[in-house]
Every structure is written in C-alpha cells, then in structure tokens.
Amino acid sequence: MLSGRAWRLVEFGEPQQVLRLKELELPEPKPGQLLIRVRTAGAGYPDAMMAAGQFPLLGAPPFGLGEEAAGEVVAVPNGSRFSVGDRVTGITAFLEGWGGYAEYTYLRENSTIPIPDGMSDEQAGGFPIGFRTAYAGLVERTRLEAGQTLLVLGAAGSSGGAAMQLGKALGARVIATAGGVAKREFCLRHGADEAIDYRDEDLVQRIDELTDGRGVDLVYDPVGGETAAAAVNGLARGGRIVLIGLASGTPVALNAMDMLLRNYSAVGVLATPGSPEQEAAAWDRLAALAEACTITTPVGRIYDFADVPLMVAGQSAPAPGKSVVRISAES
C-alpha cells in the first residue's frame with residue numbers, strides 16, 4: 001500500500017493554524033477513481049471557503065483541500081480507461097476528503113483527461129475546475145452564442161480567467177472587470193476585448209458606452225455582492241446572469257420585479273458531473289480547445305508544497321492568474 005504526505009484541514013479556522021501535514025496510507029482506487037502521484041495542484045477561492053467552514057458540500061474536518069490536480073497514474077481499478085504511467089489532469093475526490101495538496105491523491109475518472117500536448121505541469125494542475133465550471137456556465141446552462149457580448153466579473157481570478165478565455169473561444173465579445181491596473185492589463189493579455197476597472201470606473205456607465213446602450217447578453221458572476229448587483233443593471237433585455245460563486249462573501253441580491261420588467265433571467269451553476277455522455281462531451285471539447293491552444297490556464301503565482309497554508313490564506317485576495325502548487329518535479 002502506498003503512503004504519502006498530504007495537507008489536511010484538522011478543524012475550521014485560519015489556514016496557517018488548522019492545516020497540518022500528515023502521512024496517509026492510500027488504498028487501491030475504487031471504481032470510478034484513479035490514484036495519481038501529484039505533480040501540481042490548482043488553487044482557488046473554494047479552498048479558503050473550505051478552511052473557514054463555508055463550503056456547503058463538505059462536512060466537518062478532517063479532510064484534504066484542493067479540487068484539482070495533475071500527475072502520473074500509479075493505480076487504477078479494473079475496467080479503467082486509463083493505465084499506470086498515464087499523464088493526466090482532473091478533479092480530485094475532494095468531496096470524499098482527498099484533496100490535491102498531497103503527494104498522492106485520487107481523481108474522479110469521469111472528470112479526468114490526458115494532459116494535452118504542450119501543456120506544462122503548472123498549466124495542467126490549474127486547468128480542470130475553472131474550465132469545467134466555465135463550460136457548465138457558458139455552454140451547458142446558458143448556451144452563449146458567437147457574436148453575443150459576455151461580461152466576466154472577477155476576470156483576473158481563477159474562475160473568471162477561464163470564463164474569459166472560453167467565452168472568446170466560443171466567439172463572444174468579452175468585456176472583463178477587474179480591480180486595479182495590473183489585473184486590468186492581465187485581462188487584456190488573456191483574451192478580453194475590453195476591460196473595466198470597477199474600482200475607478202462606473203461599471204454601468206462603461207457597459208453602456210461599450211455596448212452603445214444595448215447592454216450585455218450574459219454576465220458571468222463568480223463574485224456576487226455589490227459588483228454583481230451593478231452588473232445586473234447593465235444586462236440587455238432578454239439577457240441572463242450566470243451565478244457561479246460569491247468571492248465577495250455574499251451572493252448577488254436579485255429583484256424579482258426588476259427581472260420581470262426587464263425580461264432577464266438568473267441561472268445557477270454547480271458543475272457537478274452529469275451523465276457519462278455529457279461529461280465525456282464536455283471534457284472532449286475542452287481538451288480539443290486546449291490542444292489547439294485556443295484556451296490555456298493563465299498561471300499566476302506558483303507555490304511550493306510547504307507553502308500550502310500560506311497559499312490558502314491568500315485565496316481571498318489572490319494576485320492575477322491561477323495560483324498553482326508545485327508538489328513534485330520530474331523524477
């Protein structure tokens with residue numbers, strides 16, 4: 001039986017006080033799982049929510065953090081489509097307590113793909129969650145069309161950065177929002193047609209100017225709060241807001257009468273696995289876009305394995321791009 005070190009949340013609280021490095025034994029993977037030796041793992045705001053006890057899908061500690069990871073397959077169950085030695089990236093079995101910030105972890109097989117050619121370990125580790133969530137929001141739930149205008153909130157962050165790129169790949173005009181010059185410039189380098197600094201500019205006024213008064217067709221909202229409430233005022237008639245998260249700490253407040261009078265809709269998205277056919281179609285399309293270099297993980301800061309508690313503590317206000325933890329190097 002394999003064993004390896006893993007960061008475990010032992011109680012809810014400040015990450016640097018409640019995350020502990022533990023030695024764990026790893027049984028053979030169950031059907032539907034793969035066991036991998038982790039090279040890199042992607043980070044995001046959900047890590048901070050989990051540490052604080054605010055993530056609705058998890059119970060009490062102990063459990064591992066890290067929803068996505070990349071590495072080499074070291075064990076598979078009978079009937080798996082993967083083999084030992086395959087280089088893969090996917091979503092971890094975090095709902096069962098196995099996170100990505102570990103030397104070994106389990107991936108959900110139906111949410112795992114071979115790492116596309118040309119993708120680095122760091123890009124691979126930060127690929128699955130952001131792009132699968134963006135696909136659920138933009139393709140499966142709202143069917144964004146080429147030529148439509150997409151407004152991405154928090155576009156310099158993990159979730160927003162993926163939606164910005166996928167929206168562009170789908171043929172949309174992409175307007176990004178971000179706070180500060182560095183994040184605004186980051187958005188323009190990674191696919192945005194225009195970028196609004198919501199700290200220094202009136203968001204609704206700028207949307208009005210950029211769309212000649214029409215408004216945007218879709219708002220992608222991983223932020224919530226006052227920023228999302230302002231963005232709703234920039235929706236075109238018949239538009240929709242897709243609710244992804246609440247990085248601001250509170251969900252957007254929606255007014256049912258306003259929705260009725262202006263004829264717009266709100267769509268909630270939780271990117272849990274659908275049918276095997278639906279999952280396969282989503283991952284195949286994302287892999288093809290990555291192979292063509294149409295989408296790529298906008299890697300930001302790279303952390304060492306020893307710095308996971310520091311990294312989790314910083315996910316409430318991260319630097320531009322996707323934070324990634326490097327667990328191990330090529331052997």
# chains A, B, ... in the order shown; residues from 1 in each chain; ligands from 1
$ closest_atom_pairs --of "stretch 184-222 of chain A" --to "stretch 256-273 of chain A" --cutoff "10 Å" --atoms "only C-alpha atoms" --output "tab-separated table"
residue	atom	partner	partner_atom	distance
A:Asp217	CA	A:Tyr264	CA	9.4
A:Leu218	CA	A:Ser265	CA	9.7
A:Val219	CA	A:Ala266	CA	9.4
A:Tyr220	CA	A:Val267	CA	9.9
A:Asp221	CA	A:Gly268	CA	9.8
$ select_by_dssp --residues "stretch 56-162 of chain A" --states "helix (DSSP H, G or I)" --output "PyMOL selection string"
chain A and resi 94-96+121-125+128-140+158-162
$ write_last_selection --atoms "N, CA and C atoms" --output "PDB file, in the first residue's frame"
ATOM      1  N   PHE A  94     -12.293  15.315  -3.769  1.00  0.00           N
ATOM      2  CA  PHE A  94     -12.271  16.176  -2.584  1.00  0.00           C
ATOM      3  C   PHE A  94     -13.540  16.039  -1.751  1.00  0.00           C
ATOM      4  N   LEU A  95     -14.655  15.690  -2.389  1.00  0.00           N
ATOM      5  CA  LEU A  95     -15.884  15.511  -1.631  1.00  0.00           C
ATOM      6  C   LEU A  95     -15.819  14.283  -0.727  1.00  0.00           C
ATOM      7  N   GLU A  96     -14.844  13.410  -0.976  1.00  0.00           N
ATOM      8  CA  GLU A  96     -14.617  12.245  -0.123  1.00  0.00           C
ATOM      9  C   GLU A  96     -13.400  12.456   0.777  1.00  0.00           C
ATOM     10  N   ASP A 121       3.126  21.176 -16.617  1.00  0.00           N
ATOM     11  CA  ASP A 121       2.563  20.649 -15.379  1.00  0.00           C
ATOM     12  C   ASP A 121       1.757  21.719 -14.651  1.00  0.00           C
ATOM     13  N   GLU A 122       2.265  22.942 -14.624  1.00  0.00           N
ATOM     14  CA  GLU A 122       1.583  24.021 -13.909  1.00  0.00           C
ATOM     15  C   GLU A 122       0.258  24.371 -14.587  1.00  0.00           C
ATOM     16  N   GLN A 123       0.257  24.445 -15.903  1.00  0.00           N
ATOM     17  CA  GLN A 123      -0.992  24.706 -16.621  1.00  0.00           C
ATOM     18  C   GLN A 123      -1.982  23.567 -16.415  1.00  0.00           C
ATOM     19  N   ALA A 124      -1.482  22.329 -16.420  1.00  0.00           N
ATOM     20  CA  ALA A 124      -2.359  21.173 -16.255  1.00  0.00           C
ATOM     21  C   ALA A 124      -2.991  21.141 -14.871  1.00  0.00           C
ATOM     22  N   GLY A 125      -2.210  21.448 -13.847  1.00  0.00           N
ATOM     23  CA  GLY A 125      -2.736  21.401 -12.488  1.00  0.00           C
ATOM     24  C   GLY A 125      -3.849  22.403 -12.248  1.00  0.00           C
ATOM     25  N   PRO A 128      -8.573  21.967 -14.722  1.00  0.00           N
ATOM     26  CA  PRO A 128      -9.901  21.327 -14.726  1.00  0.00           C
ATOM     27  C   PRO A 128     -11.050  22.136 -14.146  1.00  0.00           C
ATOM     28  N   ILE A 129     -10.910  22.662 -12.940  1.00  0.00           N
ATOM     29  CA  ILE A 129     -12.056  23.271 -12.260  1.00  0.00           C
ATOM     30  C   ILE A 129     -12.539  24.529 -12.973  1.00  0.00           C
ATOM     31  N   GLY A 130     -11.627  25.444 -13.262  1.00  0.00           N
ATOM     32  CA  GLY A 130     -12.032  26.705 -13.880  1.00  0.00           C
ATOM     33  C   GLY A 130     -12.700  26.498 -15.224  1.00  0.00           C
ATOM     34  N   PHE A 131     -12.118  25.659 -16.070  1.00  0.00           N
ATOM     35  CA  PHE A 131     -12.662  25.478 -17.413  1.00  0.00           C
ATOM     36  C   PHE A 131     -13.901  24.591 -17.421  1.00  0.00           C
ATOM     37  N   ARG A 132     -13.952  23.580 -16.529  1.00  0.00           N
ATOM     38  CA  ARG A 132     -15.187  22.770 -16.492  1.00  0.00           C
ATOM     39  C   ARG A 132     -16.346  23.603 -15.957  1.00  0.00           C
ATOM     40  N   THR A 133     -16.085  24.468 -14.982  1.00  0.00           N
ATOM     41  CA  THR A 133     -17.141  25.349 -14.466  1.00  0.00           C
ATOM     42  C   THR A 133     -17.579  26.346 -15.533  1.00  0.00           C
ATOM     43  N   ALA A 134     -16.603  26.917 -16.237  1.00  0.00           N
ATOM     44  CA  ALA A 134     -16.933  27.860 -17.304  1.00  0.00           C
ATOM     45  C   ALA A 134     -17.750  27.174 -18.397  1.00  0.00           C
ATOM     46  N   TYR A 135     -17.404  25.940 -18.718  1.00  0.00           N
ATOM     47  CA  TYR A 135     -18.153  25.205 -19.741  1.00  0.00           C
ATOM     48  C   TYR A 135     -19.592  24.967 -19.282  1.00  0.00           C
ATOM     49  N   ALA A 136     -19.746  24.602 -18.018  1.00  0.00           N
ATOM     50  CA  ALA A 136     -21.097  24.403 -17.498  1.00  0.00           C
ATOM     51  C   ALA A 136     -21.905  25.691 -17.581  1.00  0.00           C
ATOM     52  N   GLY A 137     -21.263  26.804 -17.230  1.00  0.00           N
ATOM     53  CA  GLY A 137     -21.975  28.075 -17.208  1.00  0.00           C
ATOM     54  C   GLY A 137     -22.261  28.648 -18.581  1.00  0.00           C
ATOM     55  N   LEU A 138     -21.292  28.565 -19.473  1.00  0.00           N
ATOM     56  CA  LEU A 138     -21.417  29.235 -20.771  1.00  0.00           C
ATOM     57  C   LEU A 138     -22.014  28.360 -21.868  1.00  0.00           C
ATOM     58  N   VAL A 139     -21.817  27.059 -21.762  1.00  0.00           N
ATOM     59  CA  VAL A 139     -22.289  26.150 -22.821  1.00  0.00           C
ATOM     60  C   VAL A 139     -23.528  25.379 -22.374  1.00  0.00           C
ATOM     61  N   GLU A 140     -23.404  24.649 -21.274  1.00  0.00           N
ATOM     62  CA  GLU A 140     -24.495  23.766 -20.870  1.00  0.00           C
ATOM     63  C   GLU A 140     -25.706  24.516 -20.319  1.00  0.00           C
ATOM     64  N   SER A 158      -9.265  32.995 -10.754  1.00  0.00           N
ATOM     65  CA  SER A 158      -9.234  31.614 -11.227  1.00  0.00           C
ATOM     66  C   SER A 158     -10.430  31.277 -12.102  1.00  0.00           C
ATOM     67  N   SER A 159     -11.630  31.518 -11.602  1.00  0.00           N
ATOM     68  CA  SER A 159     -12.848  31.175 -12.346  1.00  0.00           C
ATOM     69  C   SER A 159     -13.082  32.131 -13.502  1.00  0.00           C
ATOM     70  N   GLY A 160     -12.953  33.428 -13.230  1.00  0.00           N
ATOM     71  CA  GLY A 160     -13.189  34.424 -14.268  1.00  0.00           C
ATOM     72  C   GLY A 160     -12.206  34.329 -15.417  1.00  0.00           C
ATOM     73  N   GLY A 161     -10.948  34.013 -15.107  1.00  0.00           N
ATOM     74  CA  GLY A 161      -9.944  33.903 -16.167  1.00  0.00           C
ATOM     75  C   GLY A 161     -10.264  32.800 -17.151  1.00  0.00           C
ATOM     76  N   ALA A 162     -10.779  31.674 -16.646  1.00  0.00           N
ATOM     77  CA  ALA A 162     -11.167  30.579 -17.528  1.00  0.00           C
ATOM     78  C   ALA A 162     -12.381  30.963 -18.368  1.00  0.00           C
TER      79      ALA A 162
END
$ atom_distance --atom1 "atom CA of A:Gly53" --atom2 "atom CA of A:Asp304"
24.4 Å
$ closest_residue --among "A:Leu210, A:Val38, A:Met49, A:Ala281" --to "A:Val174" --atoms "only C-alpha atoms"
A:Leu210
$ select_by_dssp --residues "stretch 171-301 of chain A" --states "strand (DSSP E or B)" --output "number ranges by chain"
A: 173-178, 194-197, 216-221, 235-243, 265-268, 299-301
$ closest_atom_pairs --of "stretch 57-83 of chain A" --to "stretch 3-18 of chain A" --cutoff "7 Å" --atoms "only C-alpha atoms" --output "Markdown table"
| residue | atom | partner | partner_atom | distance |
| --- | --- | --- | --- | --- |
| A:Pro61 | CA | A:Val10 | CA | 5.4 |
| A:Pro62 | CA | A:Val10 | CA | 4.6 |
| A:Phe63 | CA | A:Arg8 | CA | 5.4 |
| A:Gly64 | CA | A:Arg8 | CA | 4.6 |
| A:Leu65 | CA | A:Arg8 | CA | 6.9 |
$ atom_distance --atom1 "atom CA of A:Gln205" --atom2 "atom CA of A:Gly234"
8.3 Å
$ closest_residue --among "A:Pro114, A:Pro222, A:Pro318, A:Pro309" --to "A:Val88" --atoms "only C-alpha atoms"
A:Pro114
$ closest_residue --among "A:Gly225, A:Ala195, A:Arg37, A:Thr89" --to "A:Gly245" --atoms "only C-alpha atoms"
A:Gly225
$ residues_around --residues "A:Leu289" --least-positions-apart "3" --cutoff "12 Å" --atoms "only C-alpha atoms" --output "mmCIF file with C-alpha atoms, in the first residue's frame"
data_model
loop_
_atom_site.group_PDB
_atom_site.id
_atom_site.type_symbol
_atom_site.label_atom_id
_atom_site.label_comp_id
_atom_site.auth_asym_id
_atom_site.auth_seq_id
_atom_site.Cartn_x
_atom_site.Cartn_y
_atom_site.Cartn_z
ATOM 1 C CA PRO A 116 -2.960 17.840 -23.776
ATOM 2 C CA ASP A 117 0.267 18.043 -25.750
ATOM 3 C CA MET A 119 0.573 21.822 -21.649
ATOM 4 C CA PHE A 127 -6.942 23.529 -15.789
ATOM 5 C CA PHE A 131 -12.662 25.478 -17.413
ATOM 6 C CA TYR A 135 -18.153 25.205 -19.741
ATOM 7 C CA GLN A 165 -10.876 32.562 -22.450
ATOM 8 C CA LEU A 166 -13.672 30.096 -23.105
ATOM 9 C CA GLY A 167 -16.068 32.912 -23.982
ATOM 10 C CA LYS A 168 -13.585 34.212 -26.532
ATOM 11 C CA ALA A 169 -13.117 30.692 -27.932
ATOM 12 C CA LEU A 170 -16.902 30.456 -28.382
ATOM 13 C CA ALA A 282 -17.581 18.464 -22.147
ATOM 14 C CA TRP A 283 -14.087 17.167 -21.462
ATOM 15 C CA ASP A 284 -13.508 16.164 -25.091
ATOM 16 C CA ARG A 285 -14.347 19.679 -26.251
ATOM 17 C CA LEU A 286 -12.215 21.338 -23.578
ATOM 18 C CA ALA A 292 -5.385 23.825 -30.332
ATOM 19 C CA CYS A 293 -4.025 26.367 -27.806
ATOM 20 C CA THR A 294 -7.350 28.225 -28.025
ATOM 21 C CA ILE A 295 -7.643 28.073 -24.229
ATOM 22 C CA THR A 296 -4.829 27.791 -21.702
ATOM 23 C CA THR A 297 -4.519 28.104 -17.950
#
$ residues_around --residues "A:Gly171" --least-positions-apart "4" --cutoff "8 Å" --atoms "only C-alpha atoms" --output "count of residues only"
5
$ closest_residue --among "A:Asp193, A:Glu185, A:Glu209, A:Glu291" --to "A:Met164" --atoms "only C-alpha atoms"
A:Asp193
$ closest_residue --among "A:Glu194, A:Glu68, A:Glu277, A:Asp86" --to "A:Leu107" --atoms "only C-alpha atoms"
A:Glu68
$ atom_distance --atom1 "atom CA of A:Pro27" --atom2 "atom CA of A:Arg87"
20.4 Å
$ closest_residue --among "A:Ala156, A:Val216, A:Val76, A:Ala70" --to "A:Gly100" --atoms "only C-alpha atoms"
A:Ala70
